[in-house]
$ cat final_23.cif   # mmCIF, C-alpha atoms
data_protein
loop_
_atom_site.label_atom_id
_atom_site.label_comp_id
_atom_site.auth_asym_id
_atom_site.auth_seq_id
_atom_site.Cartn_x
_atom_site.Cartn_y
_atom_site.Cartn_z
CA MET A 506 0.00 0.00 0.00
CA LYS A 507 2.81 2.38 0.90
CA ARG A 508 4.47 1.73 -2.46
CA LEU A 509 1.16 2.33 -4.28
CA LEU A 510 0.60 5.65 -2.48
CA THR A 511 4.16 6.70 -3.31
CA CYS A 512 3.65 5.90 -7.02
CA MET A 513 0.34 7.77 -7.07
CA ALA A 514 1.98 10.82 -5.50
CA MET A 515 4.76 10.75 -8.10
CA VAL A 516 2.18 10.64 -10.92
CA VAL A 517 0.32 13.65 -9.49
CA ILE A 518 3.56 15.63 -9.11
CA ALA A 519 4.69 14.75 -12.65
CA ALA A 520 1.34 15.65 -14.15
CA SER A 521 1.21 18.99 -12.41
CA ALA A 522 4.74 19.83 -13.49
CA ALA A 523 4.47 18.73 -17.11
CA PRO A 524 3.38 21.51 -19.47
CA GLY A 525 0.40 20.70 -21.64
CA ILE A 526 -1.00 18.02 -19.31
CA ALA A 527 -2.70 19.01 -16.07
CA ASN A 528 -2.08 22.75 -16.37
CA SER A 529 -2.76 23.16 -20.08
CA GLU A 530 -5.13 26.04 -20.74
CA ILE A 531 -5.42 29.25 -22.74
CA LEU A 532 -8.13 31.53 -21.40
CA ALA A 533 -10.06 33.93 -23.61
CA MET A 534 -12.55 36.64 -22.76
CA MET A 535 -15.54 36.98 -25.10
CA ASN A 536 -18.49 39.31 -24.90
CA TYR A 537 -21.52 37.66 -26.49
CA GLU A 538 -25.14 38.29 -27.41
CA SER A 539 -28.12 36.16 -28.43
CA LYS A 540 -28.33 35.08 -32.02
CA PRO A 541 -31.29 36.42 -34.05
CA ALA A 542 -34.43 34.25 -34.14
CA GLU A 543 -33.82 33.06 -37.70
CA SER A 544 -30.31 31.89 -36.80
CA LEU A 545 -31.62 29.97 -33.79
CA LYS A 546 -34.19 28.31 -36.00
CA ALA A 547 -31.55 27.31 -38.54
CA LEU A 548 -29.47 25.77 -35.76
CA LYS A 549 -32.58 23.98 -34.42
CA LEU A 550 -32.15 25.70 -31.06
CA THR A 551 -35.39 26.27 -29.22
CA GLY A 552 -36.29 27.69 -25.83
CA ALA A 553 -33.57 30.34 -26.01
CA GLY A 554 -35.80 32.79 -24.15
CA GLU A 555 -35.24 36.53 -23.92
CA ARG A 556 -32.28 38.35 -25.40
CA ARG A 557 -29.10 37.91 -23.38
CA GLU A 558 -25.67 39.49 -23.24
CA GLY A 559 -22.62 38.70 -21.17
CA ILE A 560 -18.87 38.20 -20.91
CA ALA A 561 -17.61 34.63 -20.88
CA ILE A 562 -14.16 33.39 -19.85
CA ILE A 563 -13.53 30.24 -21.88
CA ASP A 564 -10.62 27.81 -22.16
CA VAL A 565 -9.81 27.81 -25.89
CA ASP A 566 -6.70 25.60 -25.77
CA PRO A 567 -7.51 22.81 -28.27
CA GLU A 568 -5.25 20.42 -26.36
CA ALA A 569 -6.68 21.07 -22.91
CA PRO A 570 -9.12 18.62 -21.26
CA THR A 571 -11.30 21.66 -20.45
CA SER A 572 -11.23 23.03 -24.01
CA GLY A 573 -14.43 24.94 -24.72
CA LYS A 574 -15.50 25.06 -21.08
CA ILE A 575 -16.93 28.31 -19.72
CA LEU A 576 -15.08 29.11 -16.49
CA MET A 577 -16.81 32.42 -15.73
CA ASP A 578 -19.95 34.13 -17.04
CA ILE A 579 -20.60 37.81 -16.28
CA PRO A 580 -24.09 39.03 -17.24
CA LEU A 581 -24.51 42.36 -19.01
CA PRO A 582 -27.68 44.43 -19.59
CA PRO A 583 -29.57 42.81 -22.48
CA ASP A 584 -29.96 46.17 -24.27
CA LEU A 585 -26.33 47.31 -23.95
CA VAL A 586 -25.21 45.75 -27.26
CA ALA A 587 -21.66 45.38 -25.93
CA HIS A 588 -19.36 45.68 -28.91
CA HIS A 589 -15.60 45.42 -28.42
CA ILE A 590 -13.15 44.71 -25.57
CA PHE A 591 -9.90 46.67 -25.47
CA TYR A 592 -6.90 46.41 -23.14
CA ASP A 593 -4.76 49.36 -22.18
CA ARG A 594 -1.13 48.98 -23.24
CA LYS A 595 -0.10 47.59 -19.85
CA MET A 596 -2.99 45.08 -19.94
CA GLU A 597 -4.11 46.23 -16.50
CA LYS A 598 -7.63 47.32 -17.46
CA ALA A 599 -10.28 46.25 -19.97
CA TYR A 600 -12.67 48.67 -21.69
CA ILE A 601 -15.98 47.57 -23.25
CA THR A 602 -17.71 49.74 -25.83
CA ALA A 603 -21.46 49.69 -26.49
CA LEU A 604 -23.67 50.29 -29.51
CA GLY A 605 -26.94 50.45 -27.58
CA LYS A 606 -26.24 52.93 -24.79
CA PRO A 607 -24.01 56.02 -24.35
CA GLU A 608 -21.79 54.15 -21.90
CA LEU A 609 -18.24 52.87 -21.70
CA HIS A 610 -17.48 50.15 -19.14
CA VAL A 611 -14.10 49.50 -17.59
CA PHE A 612 -12.72 47.00 -15.09
CA LYS A 613 -9.36 46.14 -13.58
CA LEU A 614 -7.92 42.83 -14.70
CA ASN A 615 -6.17 42.18 -11.38
CA GLU A 616 -9.41 42.29 -9.39
CA PHE A 617 -11.37 39.10 -8.91
CA PRO A 618 -14.22 38.88 -9.44
CA TYR A 619 -14.19 41.55 -12.12
CA ARG A 620 -16.05 44.73 -11.14
CA LEU A 621 -17.42 46.69 -14.08
CA ARG A 622 -17.63 50.45 -13.70
CA ARG A 623 -19.71 52.59 -16.02
CA ILE A 624 -18.39 55.75 -17.63
CA ASP A 625 -21.15 57.94 -19.02
CA VAL A 626 -20.43 59.32 -22.50
CA PRO A 627 -23.73 61.12 -23.22
CA LYS A 628 -22.72 62.60 -26.57
CA CYS A 629 -21.49 59.24 -27.93
CA VAL A 630 -24.30 57.56 -29.89
CA MET A 631 -22.46 54.34 -30.79
CA GLY A 632 -19.17 53.55 -29.03
CA GLU A 633 -16.80 51.69 -31.34
CA ASP A 634 -13.06 51.53 -30.57
CA VAL A 635 -10.91 52.51 -27.59
CA LEU A 636 -7.30 53.30 -28.50
CA PHE A 637 -4.37 54.42 -26.37
CA SER A 638 -1.44 56.79 -26.74
CA GLU A 639 1.97 55.17 -26.93
CA ASP A 640 2.77 56.15 -23.34
CA ASN A 641 -0.62 54.75 -22.20
CA SER A 642 -1.58 58.05 -20.56
CA THR A 643 -4.54 58.85 -22.80
CA TRP A 644 -7.43 56.88 -24.29
CA TYR A 645 -9.67 57.76 -27.21
CA LEU A 646 -13.23 56.45 -27.74
CA THR A 647 -14.54 56.71 -31.30
CA CYS A 648 -18.28 57.33 -31.70
CA MET A 649 -20.23 56.51 -34.86
CA ASN A 650 -23.53 58.22 -35.62
CA SER A 651 -22.48 61.24 -33.54
CA GLY A 652 -19.31 62.30 -35.37
CA ASN A 653 -17.06 62.65 -32.33
CA VAL A 654 -14.22 61.14 -30.34
CA TYR A 655 -14.06 61.18 -26.52
CA VAL A 656 -10.65 61.71 -24.89
CA GLY A 657 -9.89 60.33 -21.43
CA GLU A 658 -7.10 59.92 -18.89
CA THR A 659 -6.10 56.27 -18.53
CA ALA A 660 -5.00 56.51 -14.89
CA THR A 661 -8.30 57.96 -13.65
CA ASP A 662 -10.65 57.39 -16.62
CA LYS A 663 -11.65 61.02 -16.31
CA ILE A 664 -12.93 62.49 -19.58
CA THR A 665 -10.69 65.36 -20.63
CA GLY A 666 -12.20 66.39 -23.95
CA ILE A 667 -14.31 65.67 -27.01
CA ILE A 668 -13.13 65.99 -30.61
CA ASP A 669 -16.09 66.99 -32.76
CA ILE A 670 -15.90 65.91 -36.42
CA PRO A 671 -19.31 66.74 -37.91
CA GLY A 672 -20.50 64.73 -40.90
CA THR A 673 -18.23 61.77 -40.19
CA ASN A 674 -18.62 58.27 -38.74
CA PRO A 675 -15.53 57.71 -36.53
CA HIS A 676 -14.54 54.08 -36.01
CA GLY A 677 -10.82 53.26 -36.11
CA LEU A 678 -8.09 55.50 -34.70
CA VAL A 679 -4.32 55.47 -34.45
CA VAL A 680 -2.11 57.72 -32.31
CA LEU A 681 1.13 58.99 -33.89
CA SER A 682 2.65 61.09 -31.11
CA ASP A 683 6.07 61.36 -32.77
CA ILE A 684 4.54 63.41 -35.60
CA ASP A 685 1.77 65.01 -33.47
CA ARG A 686 -1.06 63.36 -35.40
CA LEU A 687 -4.14 61.20 -34.95
CA LEU A 688 -5.78 59.41 -37.85
CA VAL A 689 -9.46 58.47 -37.59
CA THR A 690 -11.48 56.40 -40.06
CA SER A 691 -14.88 57.64 -41.22
CA THR A 692 -16.76 54.44 -41.82
CA ILE A 693 -20.54 54.07 -41.92
CA THR A 694 -23.67 54.89 -39.96
CA GLY A 695 -25.25 52.32 -37.67
CA ASP A 696 -27.93 51.48 -40.23
CA LEU A 697 -25.12 50.51 -42.66
CA LYS A 698 -26.05 53.38 -44.99
CA THR A 699 -24.00 56.33 -46.28
CA PRO A 700 -20.55 54.71 -46.16
CA LYS A 701 -17.73 57.24 -46.14
CA GLU A 702 -14.32 57.12 -47.81
CA GLU A 703 -11.84 59.17 -45.79
CA LEU A 704 -9.42 59.29 -42.89
CA ILE A 705 -9.60 62.38 -40.72
CA VAL A 706 -6.26 63.97 -39.81
CA VAL A 707 -6.14 65.51 -36.32
CA GLN A 708 -3.34 67.35 -34.53
CA ALA A 709 -2.70 65.23 -31.43
CA SER A 710 -1.50 68.04 -29.17
CA THR A 711 -4.51 70.30 -29.78
CA ASN A 712 -7.24 67.89 -31.02
CA LYS A 713 -7.68 70.24 -33.99
CA VAL A 714 -9.02 68.69 -37.20
CA LEU A 715 -6.52 69.40 -40.00
CA GLY A 716 -8.08 67.71 -43.03
CA THR A 717 -9.01 64.41 -44.67
CA LEU A 718 -7.39 61.71 -46.80
CA LYS A 719 -9.42 59.93 -49.46
CA MET A 720 -8.79 56.16 -49.36
CA SER A 721 -10.00 55.29 -52.84
CA ASN A 722 -9.14 55.84 -56.49
CA LYS A 723 -12.81 55.74 -57.47
CA PRO A 724 -14.94 58.86 -58.05
CA SER A 725 -16.58 60.23 -54.91
CA PRO A 726 -18.63 59.11 -53.14
CA SER A 727 -16.79 55.79 -53.45
CA GLY A 728 -18.38 54.27 -50.33
CA VAL A 729 -15.33 52.14 -49.50
CA ALA A 730 -15.84 52.60 -45.73
CA PRO A 731 -12.34 52.52 -44.19
CA VAL A 732 -12.80 50.85 -40.81
CA GLU A 733 -9.64 49.95 -38.85
CA LEU A 734 -6.19 51.52 -38.59
CA LEU A 735 -2.84 50.28 -37.29
CA ARG A 736 0.72 51.54 -37.57
CA VAL A 737 3.44 49.17 -38.73
CA PRO A 738 5.58 48.75 -35.59
CA GLY A 739 8.83 50.69 -35.79
CA SER A 740 8.01 52.30 -39.14
CA ASP A 741 9.84 55.61 -39.61
CA PRO A 742 8.43 57.50 -41.40
CA ALA A 743 5.17 56.16 -40.04
CA ILE A 744 3.24 53.69 -42.24
CA VAL A 745 -0.39 53.16 -41.25
CA TYR A 746 -2.58 50.40 -42.70
CA THR A 747 -6.33 50.69 -43.06
CA THR A 748 -8.94 48.13 -44.09
CA ASN A 749 -11.55 49.34 -46.58
CA MET A 750 -14.59 47.40 -45.41
CA PHE A 751 -16.69 47.91 -48.54
CA GLY A 752 -13.73 48.47 -50.83
CA ALA A 753 -12.19 45.01 -50.27
CA ALA A 754 -8.71 46.48 -50.12
CA LEU A 755 -5.81 47.39 -47.85
CA TRP A 756 -4.56 50.96 -48.09
CA THR A 757 -1.60 52.73 -46.54
CA ALA A 758 -1.08 56.28 -45.32
CA THR A 759 2.65 57.06 -45.15
CA TRP A 760 3.98 60.16 -43.43
CA ASN A 761 5.92 62.52 -45.71
CA PRO A 762 8.34 64.55 -43.54
CA GLY A 763 8.97 67.05 -46.32
CA SER A 764 5.36 68.02 -46.92
CA LYS A 765 4.23 67.31 -43.33
CA SER A 766 1.37 65.28 -44.72
CA PHE A 767 0.47 61.71 -45.68
CA ASP A 768 0.85 59.92 -49.00
CA VAL A 769 -1.94 57.38 -49.51
CA ALA A 770 -1.97 54.34 -51.79
CA GLU A 771 -3.69 51.02 -52.32
CA ALA A 772 -1.41 48.33 -50.88
CA PHE A 773 -3.37 45.17 -51.72
CA ASN A 774 -6.60 44.39 -53.54
CA LEU A 775 -8.42 41.65 -51.63
CA ALA A 776 -11.23 41.16 -54.16
CA PRO A 777 -9.37 38.62 -56.36
CA ILE A 778 -8.83 36.34 -53.33
CA ASN A 779 -12.48 36.61 -52.21
CA GLY A 780 -11.55 38.83 -49.27
CA GLY A 781 -14.85 40.62 -48.79
CA VAL A 782 -15.41 42.94 -45.81
CA PRO A 783 -11.84 43.26 -44.45
CA LEU A 784 -11.84 44.18 -40.77
CA GLU A 785 -9.04 43.68 -38.25
CA ILE A 786 -5.27 44.19 -38.57
CA TYR A 787 -2.51 42.61 -36.45
CA PHE A 788 1.29 42.82 -36.60
CA VAL A 789 3.78 40.29 -35.19
CA ASP A 790 7.50 39.61 -35.63
CA GLY A 791 8.30 43.28 -35.14
CA GLY A 792 6.08 44.25 -38.06
CA LYS A 793 7.40 41.67 -40.52
CA THR A 794 4.15 39.69 -40.50
CA MET A 795 0.62 41.06 -40.79
CA TYR A 796 -2.66 39.23 -40.15
CA ILE A 797 -5.95 40.40 -41.68
CA THR A 798 -9.49 39.09 -41.19
CA THR A 799 -12.21 39.31 -43.84
CA ALA A 800 -15.79 38.63 -42.77
CA ASN A 801 -17.43 37.58 -46.03
CA PRO A 802 -17.19 34.63 -46.47
CA GLY A 803 -14.76 34.41 -43.52
CA LEU A 804 -11.00 34.20 -44.04
CA PHE A 805 -7.78 34.67 -42.07
CA HIS A 806 -4.90 36.04 -44.16
CA ILE A 807 -1.15 36.01 -43.51
CA PHE A 808 1.02 38.67 -45.20
CA ASP A 809 4.79 39.02 -45.34
CA LEU A 810 6.05 42.62 -44.96
CA SER A 811 9.75 41.83 -44.51
CA ALA A 812 10.83 43.06 -47.96
CA ASP A 813 8.84 46.30 -47.91
CA PRO A 814 6.37 47.17 -45.11
CA SER A 815 4.21 49.14 -47.56
CA LYS A 816 3.95 46.29 -50.09
CA PRO A 817 2.42 43.21 -48.44
CA LYS A 818 3.03 39.79 -49.98
CA LEU A 819 0.22 37.29 -49.42
CA VAL A 820 1.52 34.10 -47.82
CA LYS A 821 -1.74 32.22 -47.23
CA SER A 822 -5.49 32.62 -46.76
CA MET A 823 -7.37 30.17 -44.54
CA LYS A 824 -11.11 29.57 -44.36
CA THR A 825 -12.51 30.17 -40.89
CA GLY A 826 -16.21 30.85 -40.28
CA GLN A 827 -18.60 33.44 -41.66
CA GLY A 828 -17.97 36.79 -40.06
CA ALA A 829 -14.25 36.39 -39.25
CA HIS A 830 -13.52 39.41 -37.09
CA HIS A 831 -11.24 39.73 -34.03
CA VAL A 832 -8.28 37.44 -33.30
CA GLY A 833 -6.73 36.51 -29.97
CA LEU A 834 -3.02 35.79 -30.48
CA THR A 835 -0.79 33.89 -28.05
CA LYS A 836 2.46 35.41 -26.87
CA ASP A 837 4.43 32.37 -28.03
CA GLY A 838 3.19 32.83 -31.59
CA ARG A 839 1.58 29.41 -31.82
CA TYR A 840 -2.16 30.06 -31.94
CA GLY A 841 -4.63 32.57 -33.32
CA PHE A 842 -8.26 32.35 -32.19
CA VAL A 843 -10.56 33.89 -34.80
CA GLN A 844 -13.98 35.03 -33.58
CA ASN A 845 -16.51 34.46 -36.36
CA SER A 846 -19.34 36.98 -36.02
CA PHE A 847 -19.70 40.51 -37.35
CA ILE A 848 -22.44 42.51 -35.57
CA ASN A 849 -24.99 39.75 -36.12
CA LEU A 850 -25.26 40.44 -39.87
CA PRO A 851 -26.79 37.77 -42.15
CA GLY A 852 -24.12 35.57 -43.69
CA MET A 853 -21.55 36.88 -41.20
CA ARG A 854 -22.66 35.46 -37.83
CA ASP A 855 -21.45 31.90 -37.62
CA GLY A 856 -20.75 32.16 -33.88
CA SER A 857 -17.77 29.82 -33.75
CA VAL A 858 -14.13 30.50 -32.87
CA SER A 859 -11.61 29.05 -35.35
CA VAL A 860 -8.33 27.85 -33.87
CA VAL A 861 -5.43 28.59 -36.23
CA ASP A 862 -2.05 26.93 -35.71
CA LEU A 863 0.18 29.79 -36.86
CA LYS A 864 3.27 27.59 -37.18
CA LEU A 865 1.48 25.06 -39.41
CA GLN A 866 -0.60 27.82 -41.03
CA LYS A 867 -3.80 25.82 -40.83
CA VAL A 868 -7.11 25.79 -38.97
CA VAL A 869 -6.88 22.91 -36.51
CA ALA A 870 -10.11 23.18 -34.51
CA SER A 871 -13.39 25.02 -34.00
CA MET A 872 -14.58 26.13 -30.56
CA ASP A 873 -18.39 26.11 -30.80
CA THR A 874 -19.41 26.58 -27.16
CA LEU A 875 -21.25 29.89 -27.55
CA LYS A 876 -22.61 28.99 -30.99
CA ASN A 877 -24.19 25.82 -29.64
CA MET A 878 -25.82 27.82 -26.85
CA GLY A 879 -27.44 30.22 -29.31
CA PHE A 880 -24.97 33.09 -28.84
CA ASN A 881 -22.59 35.04 -31.04
CA PRO A 882 -19.25 36.24 -29.66
CA ASN A 883 -18.80 39.91 -30.62
CA CYS A 884 -15.15 40.12 -29.64
CA THR A 885 -12.41 37.91 -28.25
CA VAL A 886 -9.18 38.71 -26.43
CA LEU A 887 -6.93 36.36 -24.49
CA LEU A 888 -6.37 37.06 -20.82
CA PRO A 889 -3.12 38.99 -20.22
CA LYS A 890 -1.10 35.90 -19.27
CA TRP A 891 -1.46 34.62 -22.83
CA ASN A 892 -2.31 37.72 -24.89
CA HIS A 893 -0.11 39.23 -27.60
CA LEU A 894 -1.04 42.87 -28.22
CA ALA A 895 0.09 42.44 -31.85
CA GLY A 896 0.72 46.10 -32.49
CA HIS A 897 -2.38 47.37 -30.68
#

$ encode --input "final_23.cif" --output "structure tokens"
Amino acid sequence: MKRLLTCMAMVVIAASAAPGIANSEILAMMNYESKPAESLKALKLTGAGERREGIAIIDVDPEAPTSGKILMDIPLPPDLVAHHIFYDRKMEKAYITALGKPELHVFKLNEFPYRLRRIDVPKCVMGEDVLFSEDNSTWYLTCMNSGNVYVGETATDKITGIIDIPGTNPHGLVVLSDIDRLLVTSTITGDLKTPKEELIVVQASTNKVLGTLKMSNKPSPSGVAPVELLRVPGSDPAIVYTTNMFGAALWTATWNPGSKSFDVAEAFNLAPINGGVPLEIYFVDGGKTMYITTANPGLFHIFDLSADPSKPKLVKSMKTGQGAHHVGLTKDGRYGFVQNSFINLPGMRDGSVSVVDLKLQKVVASMDTLKNMGFNPNCTVLLPKWNHLAGH
């Protein structure tokens, strides 16, 4: 008996020490909402009840015995229409934007359980993205349908200003402190009508609007709807990528030190590779590799920027699920978790999470926990222990 107990103890110790066995897990945070009635019917899900929203913490490690298990579920108001989750640059706090109410929610990631605190943003009709200055001192909340951007202090979350940009639909934003500029995309209204075509140029030190940049070669109004923005890490002069949601293309805005302005150009046409509705941008390997998601029909693209950061070379496109949107990337560069749902739109609301092995460059699994419950994840980020900011 003594020998048996000794052997059992050794097995427990070995299992707990071995990576990928007892302690294998990768935890992701996803805000979710109920699928529309027609989607529930198609999935043969009945008894779903009233509309529901929440934040789920799920183990997405495809090799873990608890893969797909919900470890925490935080309810949200069913009419909030929680949109995106953003981390500050230190990954100490999480910010949740909302399309249904003029509110921004924030919570500290080192507090357990999480305690959401509401920040009222009364002049923000639809909260989209929260972006941070390079030194993490300032955050910016873009607001569609109201043509403005809220400015706040990261340490206290006190609102310090509002940038009014009438006639625009702010969505994406990038901070370029070294050249005293902000760039803001003007995308589309909440009813998906009147898509715009420009980036708004703002002086970062004064919040003064300086002008616009047209992100299309077509006659105006081109309706290409630029949506997200991200600077190539380390680029000098600054090179900023944008995804043209309705233009099916990647464009760049490159700072010209001589003219103190930006030169814009189409960098890659996604239409020939069926890359409809391009959305998110991520950079890894110090800016040598770029990942792009396209929602219709749902693809994850890998680009090589090592030869010229302004001229992306397509390496591979992988089929995920309809509505490919945000991606949670692991710090070790092994996995990408693609959330497949784009604001509950028909044909772009699969509800699954595709697991991409980035080393093998292939989709290796699908995490269908929320989908099978009748929910769509609206955003996914990995918890800080695992999360790669990927240029954000």

$ closest_residue --input "final_23.cif" --among "A:Glu702, A:Asp873, A:Glu616, A:Glu633" --to "Pro724 (chain A)" --atoms "only C-alpha atoms"
A:Glu702

$ resolve_selection --input "final_23.cif" --expression "the PyMOL selection byres ((chain A and resi 893) around 10)" --output "JSON, numbers by chain"
{"A": [787, 788, 789, 833, 834, 835, 836, 837, 838, 841, 886, 887, 888, 889, 890, 891, 892, 894, 895, 896, 897]}

$ closest_residue --input "final_23.cif" --among "A:Lys765, A:Lys818, A:Lys723, A:Arg622" --to "Val706 (chain A)" --atoms "all atoms listed in the file"
A:Lys765

$ resolve_selection --input "final_23.cif" --expression "the PyMOL selection byres ((chain A and resi 848) around 12)" --output "JSON list (two decimals) with C-alpha atoms, in the frame of the given file"
[["chain", "number", "residue", "atom", "x", "y", "z"],
["A", 536, "ASN", "CA", -18.49, 39.31, -24.90],
["A", 537, "TYR", "CA", -21.52, 37.66, -26.49],
["A", 538, "GLU", "CA", -25.14, 38.29, -27.41],
["A", 539, "SER", "CA", -28.12, 36.16, -28.43],
["A", 540, "LYS", "CA", -28.33, 35.08, -32.02],
["A", 541, "PRO", "CA", -31.29, 36.42, -34.05],
["A", 586, "VAL", "CA", -25.21, 45.75, -27.26],
["A", 587, "ALA", "CA", -21.66, 45.38, -25.93],
["A", 588, "HIS", "CA", -19.36, 45.68, -28.91],
["A", 589, "HIS", "CA", -15.60, 45.42, -28.42],
["A", 603, "ALA", "CA", -21.46, 49.69, -26.49],
["A", 604, "LEU", "CA", -23.67, 50.29, -29.51],
["A", 633, "GLU", "CA", -16.80, 51.69, -31.34],
["A", 695, "GLY", "CA", -25.25, 52.32, -37.67],
["A", 696, "ASP", "CA", -27.93, 51.48, -40.23],
["A", 697, "LEU", "CA", -25.12, 50.51, -42.66],
["A", 784, "LEU", "CA", -11.84, 44.18, -40.77],
["A", 800, "ALA", "CA", -15.79, 38.63, -42.77],
["A", 827, "GLN", "CA", -18.60, 33.44, -41.66],
["A", 828, "GLY", "CA", -17.97, 36.79, -40.06],
["A", 829, "ALA", "CA", -14.25, 36.39, -39.25],
["A", 830, "HIS", "CA", -13.52, 39.41, -37.09],
["A", 831, "HIS", "CA", -11.24, 39.73, -34.03],
["A", 844, "GLN", "CA", -13.98, 35.03, -33.58],
["A", 845, "ASN", "CA", -16.51, 34.46, -36.36],
["A", 846, "SER", "CA", -19.34, 36.98, -36.02],
["A", 847, "PHE", "CA", -19.70, 40.51, -37.35],
["A", 849, "ASN", "CA", -24.99, 39.75, -36.12],
["A", 850, "LEU", "CA", -25.26, 40.44, -39.87],
["A", 851, "PRO", "CA", -26.79, 37.77, -42.15],
["A", 852, "GLY", "CA", -24.12, 35.57, -43.69],
["A", 853, "MET", "CA", -21.55, 36.88, -41.20],
["A", 854, "ARG", "CA", -22.66, 35.46, -37.83],
["A", 855, "ASP", "CA", -21.45, 31.90, -37.62],
["A", 856, "GLY", "CA", -20.75, 32.16, -33.88],
["A", 880, "PHE", "CA", -24.97, 33.09, -28.84],
["A", 881, "ASN", "CA", -22.59, 35.04, -31.04],
["A", 882, "PRO", "CA", -19.25, 36.24, -29.66],
["A", 883, "ASN", "CA", -18.80, 39.91, -30.62],
["A", 884, "CYS", "CA", -15.15, 40.12, -29.64]]

$ atom_distance --input "final_23.cif" --atom1 "CA of Thr665 (chain A)" --atom2 "CA of Lys606 (chain A)"
20.3 Å

$ atom_distance --input "final_23.cif" --atom1 "CA of Ala772 (chain A)" --atom2 "CA of Thr757 (chain A)"
6.2 Å

$ axis_aligned_box --input "final_23.cif" --around "region 735-738 of chain A" --padding-each-side "3 Å" --output "lines of an AutoDock Vina configuration file"
center_x = 1.4
center_y = 50.1
center_z = -37.2
size_x = 14.4
size_y = 8.8
size_z = 9.1

$ resolve_selection --input "final_23.cif" --expression "the PyMOL selection byres ((chain A and resi 821) around 9)" --output "list in words"
Phe805, His806, Ile807, Phe808, Leu819, Val820, Ser822, Met823 and Gln866 of chain A

$ closest_residue --input "final_23.cif" --among "A:Gly879, A:Pro671, A:Pro738, A:Pro731" --to "Leu810 (chain A)" --atoms "all atoms listed in the file"
A:Pro738

$ atom_distance --input "final_23.cif" --atom1 "CA of Asp809 (chain A)" --atom2 "CA of Arg594 (chain A)"
25.0 Å
